[in-house]
Amino acid sequence: MYVCICNSLTDRQVRSALASGARNTRQVYGHFGCSCVCGKCMPMIRSLISEHESTARDDPFPLAAE
Ligand code: FES
């Protein structure tokens with residue numbers, strides 16, 4: 001599903017950026033060489049960041065999943 005229309009970023013791409021080490025919205029955009037345009041995607045990207053952080057926190061073997 002597209003989460004950022006301005007930059008054509010999907011939730012899968014955002015999750016990929018987070019798995020590669022992006023930790024905030026700026027780093028997510030930077031991972032794809034783009035930047036925030038209108039900001040409407042910010043809440044969704046922040047939600048994906050929170051989801052990623054809570055999943056990482058709950059995983060007792062974080063390296064085994066990668
Ligand atoms: S929808 Fe992401 S910057 Fe506009």
# chains A, B, ... in the order shown; residues from 1 in each chain; ligands from 1
call {"tool": "residues_near_ligand", "arguments": {"ligand": "ligand 1", "cutoff": "7 Å", "atoms": "only C-alpha atoms and all ligand atoms", "output": "count of residues only"}}
result
12
call {"tool": "select_by_dssp", "arguments": {"residues": "chain A", "states": "strand (DSSP E)", "output": "compact mmCIF listing (two decimals) with N, CA and C atoms, in the first residue's frame"}}
result
# COMPACT_ATOMS: atom_id res chain seq x y z
N TYR A 2 0.49 2.21 -0.79
CA TYR A 2 1.27 3.45 -0.80
C TYR A 2 1.02 4.23 0.48
N VAL A 3 2.10 4.65 1.12
CA VAL A 3 1.97 5.50 2.30
C VAL A 3 2.40 6.93 1.99
N CYS A 4 3.25 7.10 1.00
CA CYS A 4 3.69 8.44 0.60
C CYS A 4 3.47 8.59 -0.91
N LEU A 9 6.22 5.95 -2.13
CA LEU A 9 6.79 4.97 -1.19
C LEU A 9 5.67 4.09 -0.63
N THR A 10 5.93 2.81 -0.60
CA THR A 10 4.96 1.86 -0.04
C THR A 10 5.34 1.50 1.39
call {"tool": "atom_distance", "arguments": {"atom1": "CA of Arg46 (chain A)", "atom2": "CA of Ser20 (chain A)"}}
result
16.1 Å
call {"tool": "closest_residue", "arguments": {"among": "A:Ser16, A:Asp11, A:Asn24, A:Phe32", "to": "Ser50 (chain A)", "atoms": "only C-alpha atoms"}}
result
A:Asn24
call {"tool": "closest_residue", "arguments": {"among": "A:Ser54, A:Ser35, A:Ser47, A:Gln27", "to": "Ser8 (chain A)", "atoms": "only C-alpha atoms"}}
result
A:Ser35
call {"tool": "atom_distance", "arguments": {"atom1": "CA of Gly33 (chain A)", "atom2": "CA of Ala56 (chain A)"}}
result
25.0 Å
call {"tool": "decode", "arguments": {"residues": "region 35-64 of chain A", "atoms": "N, CA and C atoms", "output": "CSV table (one decimal), in the first residue's frame"}}
result
chain,number,residue,atom,x,y,z
A,35,SER,N,12.8,13.4,0.1
A,35,SER,CA,12.5,14.1,1.3
A,35,SER,C,11.0,14.4,1.4
A,36,CYS,N,10.5,14.8,2.6
A,36,CYS,CA,9.1,15.1,2.8
A,36,CYS,C,8.7,16.2,1.9
A,37,VAL,N,7.5,16.1,1.3
A,37,VAL,CA,7.0,17.1,0.4
A,37,VAL,C,5.8,17.8,1.1
A,38,CYS,N,4.7,17.0,1.2
A,38,CYS,CA,3.5,17.6,1.8
A,38,CYS,C,3.3,17.3,3.3
A,39,GLY,N,3.9,16.2,3.7
A,39,GLY,CA,3.8,15.8,5.1
A,39,GLY,C,2.6,14.9,5.5
A,40,LYS,N,1.7,14.7,4.5
A,40,LYS,CA,0.5,13.9,4.9
A,40,LYS,C,0.9,12.4,5.2
A,41,CYS,N,2.0,12.0,4.8
A,41,CYS,CA,2.4,10.6,5.1
A,41,CYS,C,3.1,10.4,6.5
A,42,MET,N,3.4,11.6,7.1
A,42,MET,CA,4.2,11.5,8.4
A,42,MET,C,3.5,10.7,9.4
A,43,PRO,N,2.2,10.8,9.7
A,43,PRO,CA,1.6,9.9,10.7
A,43,PRO,C,1.8,8.5,10.4
A,44,MET,N,1.6,8.1,9.2
A,44,MET,CA,1.7,6.7,8.8
A,44,MET,C,3.1,6.2,9.0
A,45,ILE,N,4.1,7.0,8.5
A,45,ILE,CA,5.5,6.6,8.6
A,45,ILE,C,5.9,6.5,10.1
A,46,ARG,N,5.4,7.4,10.9
A,46,ARG,CA,5.7,7.4,12.3
A,46,ARG,C,5.1,6.1,12.9
A,47,SER,N,3.9,5.8,12.5
A,47,SER,CA,3.3,4.6,13.0
A,47,SER,C,4.1,3.3,12.7
A,48,LEU,N,4.6,3.3,11.4
A,48,LEU,CA,5.4,2.1,11.0
A,48,LEU,C,6.7,2.1,11.8
A,49,ILE,N,7.3,3.3,12.1
A,49,ILE,CA,8.5,3.4,13.0
A,49,ILE,C,8.2,2.8,14.4
A,50,SER,N,7.1,3.2,14.9
A,50,SER,CA,6.7,2.7,16.3
A,50,SER,C,6.5,1.2,16.3
A,51,GLU,N,5.8,0.8,15.2
A,51,GLU,CA,5.6,-0.7,15.1
A,51,GLU,C,6.9,-1.4,15.0
A,52,HIS,N,7.8,-0.9,14.2
A,52,HIS,CA,9.1,-1.5,14.1
A,52,HIS,C,9.9,-1.5,15.4
A,53,GLU,N,9.8,-0.4,16.1
A,53,GLU,CA,10.5,-0.3,17.4
A,53,GLU,C,9.9,-1.3,18.4
A,54,SER,N,8.6,-1.4,18.5
A,54,SER,CA,8.0,-2.3,19.5
A,54,SER,C,8.3,-3.8,19.1
A,55,THR,N,8.3,-4.1,17.8
A,55,THR,CA,8.6,-5.4,17.4
A,55,THR,C,10.1,-5.8,17.7
A,56,ALA,N,11.0,-4.8,17.5
A,56,ALA,CA,12.4,-5.1,17.8
A,56,ALA,C,12.6,-5.2,19.3
A,57,ARG,N,11.8,-4.5,20.1
A,57,ARG,CA,11.9,-4.5,21.6
A,57,ARG,C,11.4,-5.9,22.1
A,58,ASP,N,10.4,-6.4,21.5
A,58,ASP,CA,9.8,-7.7,21.9
A,58,ASP,C,10.5,-8.9,21.4
A,59,ASP,N,11.4,-8.7,20.5
A,59,ASP,CA,12.1,-9.9,19.9
A,59,ASP,C,13.3,-10.2,20.7
A,60,PRO,N,13.3,-11.4,21.4
A,60,PRO,CA,14.5,-11.7,22.2
A,60,PRO,C,15.7,-12.1,21.4
A,61,PHE,N,15.5,-12.4,20.1
A,61,PHE,CA,16.6,-12.8,19.2
A,61,PHE,C,16.6,-11.9,18.0
A,62,PRO,N,16.8,-10.6,18.0
A,62,PRO,CA,16.6,-9.8,16.9
A,62,PRO,C,17.5,-10.1,15.7
A,63,LEU,N,18.7,-10.6,15.9
A,63,LEU,CA,19.5,-11.0,14.7
A,63,LEU,C,19.0,-12.2,14.0
A,64,ALA,N,18.4,-13.1,14.7
A,64,ALA,CA,17.9,-14.3,14.1
A,64,ALA,C,16.8,-14.1,13.1
